[in-house]
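Asker: data_32.cif is the file, holding mmCIF, C-alpha atoms:
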```cif
data_target
loop_
_atom_site.group_PDB
_atom_site.id
_atom_site.type_symbol
_atom_site.label_atom_id
_atom_site.label_comp_id
_atom_site.auth_asym_id
_atom_site.auth_seq_id
_atom_site.Cartn_x
_atom_site.Cartn_y
_atom_site.Cartn_z
ATOM 1 C CA MET A 1 14.637 13.556 43.177
ATOM 2 C CA SER A 2 18.089 15.126 43.397
ATOM 3 C CA TRP A 3 18.766 18.760 42.771
ATOM 4 C CA PRO A 4 19.247 20.057 40.063
ATOM 5 C CA ARG A 5 18.540 17.026 37.913
ATOM 6 C CA PRO A 6 15.369 16.863 35.805
ATOM 7 C CA TRP A 7 12.880 14.035 36.090
ATOM 8 C CA ARG A 8 13.035 13.689 32.287
ATOM 9 C CA CYS A 9 14.746 15.329 29.289
ATOM 10 C CA VAL A 10 12.629 15.489 26.119
ATOM 11 C CA ALA A 11 13.601 16.763 22.645
ATOM 12 C CA SER A 12 10.853 19.444 22.554
ATOM 13 C CA VAL A 13 7.683 20.414 24.377
ATOM 14 C CA ASP A 14 5.419 18.958 21.689
ATOM 15 C CA ARG A 15 7.192 15.589 21.999
ATOM 16 C CA ILE A 16 6.220 15.163 25.655
ATOM 17 C CA ASP A 17 3.939 12.134 25.899
ATOM 18 C CA LEU A 18 0.579 13.496 27.023
ATOM 19 C CA ASP A 19 -0.847 10.025 27.711
ATOM 20 C CA ALA A 20 2.091 9.346 30.050
ATOM 21 C CA LEU A 21 1.410 12.593 31.928
ATOM 22 C CA VAL A 22 -2.218 11.558 32.394
ATOM 23 C CA ARG A 23 -1.150 8.063 33.557
ATOM 24 C CA ASP A 24 1.304 9.669 35.995
ATOM 25 C CA GLY A 25 -1.526 11.672 37.590
ATOM 26 C CA VAL A 26 -0.460 15.095 36.307
ATOM 27 C CA LYS A 27 -3.267 17.619 36.743
ATOM 28 C CA CYS A 28 -1.235 20.771 36.035
ATOM 29 C CA VAL A 29 1.567 21.708 33.642
ATOM 30 C CA LEU A 30 3.639 24.719 34.644
ATOM 31 C CA ILE A 31 5.690 25.888 31.691
ATOM 32 C CA ASP A 32 8.472 28.401 31.188
ATOM 33 C CA ARG A 33 8.035 30.996 28.434
ATOM 34 C CA ASP A 34 11.394 32.130 27.063
ATOM 35 C CA ASN A 35 13.082 29.548 24.843
ATOM 36 C CA THR A 36 10.716 26.831 26.126
ATOM 37 C CA CYS A 37 7.404 27.989 24.596
ATOM 38 C CA VAL A 38 8.530 31.065 22.687
ATOM 39 C CA PRO A 39 11.926 31.165 20.949
ATOM 40 C CA ARG A 40 14.132 33.995 22.251
ATOM 41 C CA ASP A 41 14.440 35.347 18.696
ATOM 42 C CA ASP A 42 10.661 35.477 18.167
ATOM 43 C CA THR A 43 7.583 36.857 19.914
ATOM 44 C CA VAL A 44 5.118 34.025 19.308
ATOM 45 C CA ALA A 45 5.095 30.335 20.067
ATOM 46 C CA PRO A 46 5.381 27.839 17.213
ATOM 47 C CA PRO A 47 2.046 26.269 16.181
ATOM 48 C CA GLU A 48 3.102 22.827 17.455
ATOM 49 C CA ILE A 49 3.582 24.203 20.998
ATOM 50 C CA ILE A 50 0.166 25.875 20.904
ATOM 51 C CA ALA A 51 -1.428 22.646 19.607
ATOM 52 C CA TRP A 52 0.295 20.557 22.320
ATOM 53 C CA LEU A 53 -0.956 22.882 25.080
ATOM 54 C CA GLU A 54 -4.480 22.727 23.609
ATOM 55 C CA ALA A 55 -4.278 18.918 23.747
ATOM 56 C CA VAL A 56 -3.065 19.130 27.363
ATOM 57 C CA ARG A 57 -6.103 21.189 28.338
ATOM 58 C CA ALA A 58 -8.408 18.902 26.314
ATOM 59 C CA ALA A 59 -7.070 16.042 28.474
ATOM 60 C CA GLY A 60 -8.263 17.945 31.559
ATOM 61 C CA ILE A 61 -4.830 19.211 32.644
ATOM 62 C CA LYS A 62 -4.510 22.836 33.746
ATOM 63 C CA THR A 63 -1.735 25.008 32.293
ATOM 64 C CA CYS A 64 0.159 28.013 33.618
ATOM 65 C CA VAL A 65 3.140 29.921 32.243
ATOM 66 C CA VAL A 66 5.670 30.630 35.007
ATOM 67 C CA SER A 67 8.236 33.088 33.691
ATOM 68 C CA ASN A 68 11.194 34.999 35.080
ATOM 69 C CA ASN A 69 10.640 37.564 32.339
ATOM 70 C CA PHE A 70 10.011 41.032 33.804
ATOM 71 C CA HIS A 71 8.232 42.303 30.677
ATOM 72 C CA SER A 72 4.826 41.455 32.119
ATOM 73 C CA LYS A 73 2.738 42.677 29.149
ATOM 74 C CA GLN A 74 4.795 40.507 26.778
ATOM 75 C CA VAL A 75 4.487 37.477 29.067
ATOM 76 C CA GLU A 76 0.748 38.013 29.582
ATOM 77 C CA ARG A 77 0.226 38.323 25.805
ATOM 78 C CA SER A 78 2.096 35.060 25.234
ATOM 79 C CA ALA A 79 0.100 33.317 27.976
ATOM 80 C CA ARG A 80 -3.158 34.467 26.338
ATOM 81 C CA GLU A 81 -1.961 33.186 22.936
ATOM 82 C CA LEU A 82 -1.037 29.873 24.573
ATOM 83 C CA GLY A 83 -4.375 29.686 26.443
ATOM 84 C CA CYS A 84 -2.604 29.541 29.805
ATOM 85 C CA ASP A 85 -2.832 31.286 33.134
ATOM 86 C CA VAL A 86 0.353 33.176 34.017
ATOM 87 C CA VAL A 87 2.728 34.039 36.850
ATOM 88 C CA HIS A 88 5.492 36.431 35.797
ATOM 89 C CA HIS A 89 8.427 37.885 37.751
ATOM 90 C CA ALA A 90 8.871 34.310 39.004
ATOM 91 C CA MET A 91 12.461 34.693 40.241
ATOM 92 C CA LYS A 92 13.278 31.037 39.601
ATOM 93 C CA PRO A 93 15.231 29.146 41.012
ATOM 94 C CA PHE A 94 13.280 30.286 44.064
ATOM 95 C CA PRO A 95 10.157 28.099 44.181
ATOM 96 C CA PHE A 96 7.706 30.722 45.466
ATOM 97 C CA ALA A 97 6.072 31.493 42.094
ATOM 98 C CA LEU A 98 5.497 27.768 41.581
ATOM 99 C CA PHE A 99 3.678 27.618 44.922
ATOM 100 C CA VAL A 100 1.552 30.605 43.827
ATOM 101 C CA ALA A 101 0.765 28.929 40.482
ATOM 102 C CA MET A 102 -0.135 25.599 42.113
ATOM 103 C CA GLU A 103 -2.400 27.310 44.641
ATOM 104 C CA ARG A 104 -4.082 29.261 41.845
ATOM 105 C CA MET A 105 -4.561 26.049 39.834
ATOM 106 C CA GLY A 106 -5.782 24.117 42.893
ATOM 107 C CA VAL A 107 -3.168 21.362 42.628
ATOM 108 C CA THR A 108 -0.470 19.787 44.785
ATOM 109 C CA PRO A 109 3.200 19.264 43.885
ATOM 110 C CA ASP A 110 2.496 15.545 43.296
ATOM 111 C CA GLU A 111 -0.038 16.531 40.607
ATOM 112 C CA THR A 112 2.254 19.030 38.891
ATOM 113 C CA VAL A 113 5.042 19.000 36.322
ATOM 114 C CA LEU A 114 7.221 21.948 35.330
ATOM 115 C CA ILE A 115 8.669 22.177 31.810
ATOM 116 C CA GLY A 116 11.660 24.410 31.132
ATOM 117 C CA ASP A 117 14.898 24.802 29.216
ATOM 118 C CA GLN A 118 17.290 25.770 32.017
ATOM 119 C CA LEU A 119 18.777 23.587 34.697
ATOM 120 C CA PHE A 120 19.716 26.295 37.196
ATOM 121 C CA THR A 121 16.399 28.170 37.032
ATOM 122 C CA ASP A 122 13.505 25.978 35.830
ATOM 123 C CA VAL A 123 14.661 22.553 37.002
ATOM 124 C CA ALA A 124 16.075 23.885 40.263
ATOM 125 C CA ALA A 125 12.831 25.747 41.070
ATOM 126 C CA GLY A 126 10.703 22.721 40.212
ATOM 127 C CA ASN A 127 12.819 20.407 42.337
ATOM 128 C CA LEU A 128 12.775 22.849 45.263
ATOM 129 C CA ALA A 129 8.968 23.055 44.949
ATOM 130 C CA GLY A 130 8.689 19.257 44.939
ATOM 131 C CA VAL A 131 7.275 18.956 41.416
ATOM 132 C CA ARG A 132 8.480 16.700 38.623
ATOM 133 C CA THR A 133 10.564 18.545 36.047
ATOM 134 C CA ILE A 134 10.967 18.039 32.321
ATOM 135 C CA MET A 135 13.886 19.742 30.647
ATOM 136 C CA VAL A 136 13.767 20.583 26.946
ATOM 137 C CA PRO A 137 16.549 22.106 24.832
ATOM 138 C CA PRO A 138 16.211 25.839 24.126
ATOM 139 C CA GLN A 139 14.284 26.665 20.961
ATOM 140 C CA SER A 140 16.860 29.230 19.867
ATOM 141 C CA GLU A 141 20.591 29.721 20.258
ATOM 142 C CA LYS A 142 19.937 33.408 20.865
ATOM 143 C CA ASP A 143 19.680 34.215 24.565
ATOM 144 C CA LEU A 144 20.484 36.756 27.234
ATOM 145 C CA TRP A 145 24.225 37.065 27.889
ATOM 146 C CA TYR A 146 23.975 35.702 31.433
ATOM 147 C CA THR A 147 21.799 32.778 30.345
ATOM 148 C CA LEU A 148 24.480 31.808 27.823
ATOM 149 C CA ILE A 149 26.998 31.732 30.700
ATOM 150 C CA PHE A 150 24.683 29.504 32.757
ATOM 151 C CA ARG A 151 24.256 27.167 29.773
ATOM 152 C CA LYS A 152 28.064 26.810 29.520
ATOM 153 C CA ILE A 153 28.245 26.031 33.245
ATOM 154 C CA GLU A 154 25.452 23.443 32.811
ATOM 155 C CA ARG A 155 27.498 21.712 30.097
ATOM 156 C CA LEU A 156 30.665 21.814 32.215
ATOM 157 C CA VAL A 157 28.897 20.323 35.236
ATOM 158 C CA TYR A 158 26.638 17.799 33.487
ATOM 159 C CA GLY A 159 28.054 17.416 29.977
ATOM 160 C CA GLU A 160 25.835 17.389 26.909
ATOM 161 C CA ARG A 161 22.277 16.325 27.677
ATOM 162 C CA GLU A 162 20.601 13.499 25.833
ATOM 163 C CA PHE A 163 16.986 14.328 25.075
ATOM 164 C CA GLU A 164 14.364 11.623 24.527
ATOM 165 C CA ASP A 165 12.201 11.873 21.445
ATOM 166 C CA SER A 166 9.051 11.407 23.560
#
```
Please, can you express the file's structure as structure tokens?
Answerer:
Amino acid sequence: MSWPRPWRCVASVDRIDLDALVRDGVKCVLIDRDNTCVPRDDTVAPPEIIAWLEAVRAAGIKTCVVSNNFHSKQVERSARELGCDVVHHAMKPFPFALFVAMERMGVTPDETVLIGDQLFTDVAAGNLAGVRTIMVPPQSEKDLWYTLIFRKIERLVYGEREFEDS
């Protein structure tokens, strides 16, 4: 897997094929919070994201939010609402928080997938940690000023992404 290219690009988290994850031997889903699970212009995840994560856990796959967000109470509240464990202050693209999450979940990189909306943080961290990565488009156009700059650089380097419907 080359860096920083995702394993897959999917139109939204709830469109990720759960049966395919099970077939591929995924035992843990690590998922970004901001603009992946929870839109930047909101404080709660959409019901379809919550339902998808419930289905993931019902399939026997562990879940953990891995977030760069430094507002730990906000991240922990979201993780509780999503029914996930949590690692905040992740400092992605460094892979260390992913190693912590995988150790906590009792899984190996081969059994793990990371879902996120940013190439230079989420996908890069996942690739450096040796896990498969799924990139989704951000849920909101609102974002931090520096994230908007990174998104422009992503488009310059890679062009517009094509996202699968499932």
Asker: Quick one: apply the PyMOL selection byres ((chain A and resi 115-117) around 7) to the file and drop the selected residues here as a PDB file with C-alpha atoms, in the coordinates of the input.
Answerer:
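expr00.pdb, freshly written:
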```
ATOM      1  CA  LEU A  30       3.639  24.719  34.644  1.00  0.00           C
ATOM      2  CA  ILE A  31       5.690  25.888  31.691  1.00  0.00           C
ATOM      3  CA  ASP A  32       8.472  28.401  31.188  1.00  0.00           C
ATOM      4  CA  ASN A  35      13.082  29.548  24.843  1.00  0.00           C
ATOM      5  CA  THR A  36      10.716  26.831  26.126  1.00  0.00           C
ATOM      6  CA  VAL A 113       5.042  19.000  36.322  1.00  0.00           C
ATOM      7  CA  LEU A 114       7.221  21.948  35.330  1.00  0.00           C
ATOM      8  CA  GLN A 118      17.290  25.770  32.017  1.00  0.00           C
ATOM      9  CA  LEU A 119      18.777  23.587  34.697  1.00  0.00           C
ATOM     10  CA  ASP A 122      13.505  25.978  35.830  1.00  0.00           C
ATOM     11  CA  VAL A 123      14.661  22.553  37.002  1.00  0.00           C
ATOM     12  CA  THR A 133      10.564  18.545  36.047  1.00  0.00           C
ATOM     13  CA  ILE A 134      10.967  18.039  32.321  1.00  0.00           C
ATOM     14  CA  MET A 135      13.886  19.742  30.647  1.00  0.00           C
ATOM     15  CA  VAL A 136      13.767  20.583  26.946  1.00  0.00           C
ATOM     16  CA  PRO A 137      16.549  22.106  24.832  1.00  0.00           C
ATOM     17  CA  PRO A 138      16.211  25.839  24.126  1.00  0.00           C
TER      18      PRO A 138
END
```
Asker: Quick check, in Å to one decimal: how far apart do CA of Phe96 in chain A and CA of Asp42 in chain A lie?
Answerer: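 For CA of Phe96 in chain A relative to CA of Asp42 in chain A, the distance reads 27.9 Å.
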Asker: Hey, which of A:Ala79, A:Leu98, A:Val22, A:Ala90 ends up closest to Ala55 in chain A? Count all atoms listed in the file.
Answerer: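 Closest residue, counting all atoms listed in the file: A:Val22.
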Asker: Mind checking which residues fall within 12 Å of Arg77 in chain A, counting all atoms listed in the file, ignoring those fewer than 3 positions away in the same chain, and posting them as number ranges by chain?
Answerer: A: 33, 38, 43-45, 65, 71-74, 80-86, 88
Asker: As an exercise, work out the distance from CA of Val26 in chain A to CA of Glu111 in chain A in Å and give it to one decimal place.
Answerer: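 CA of Glu111 in chain A lies 4.6 Å from CA of Val26 in chain A.
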Asker: To one decimal place, how far is CA of Thr63 in chain A from CA of Arg132 in chain A in Å?
Answerer: 14.6 Å
Asker: Could you list the residues chosen by the PyMOL selection byres ((chain A and resi 14) around 9) in this structure as a ChimeraX atom specification?
Answerer: /A:11-13,15-17,48-53,166
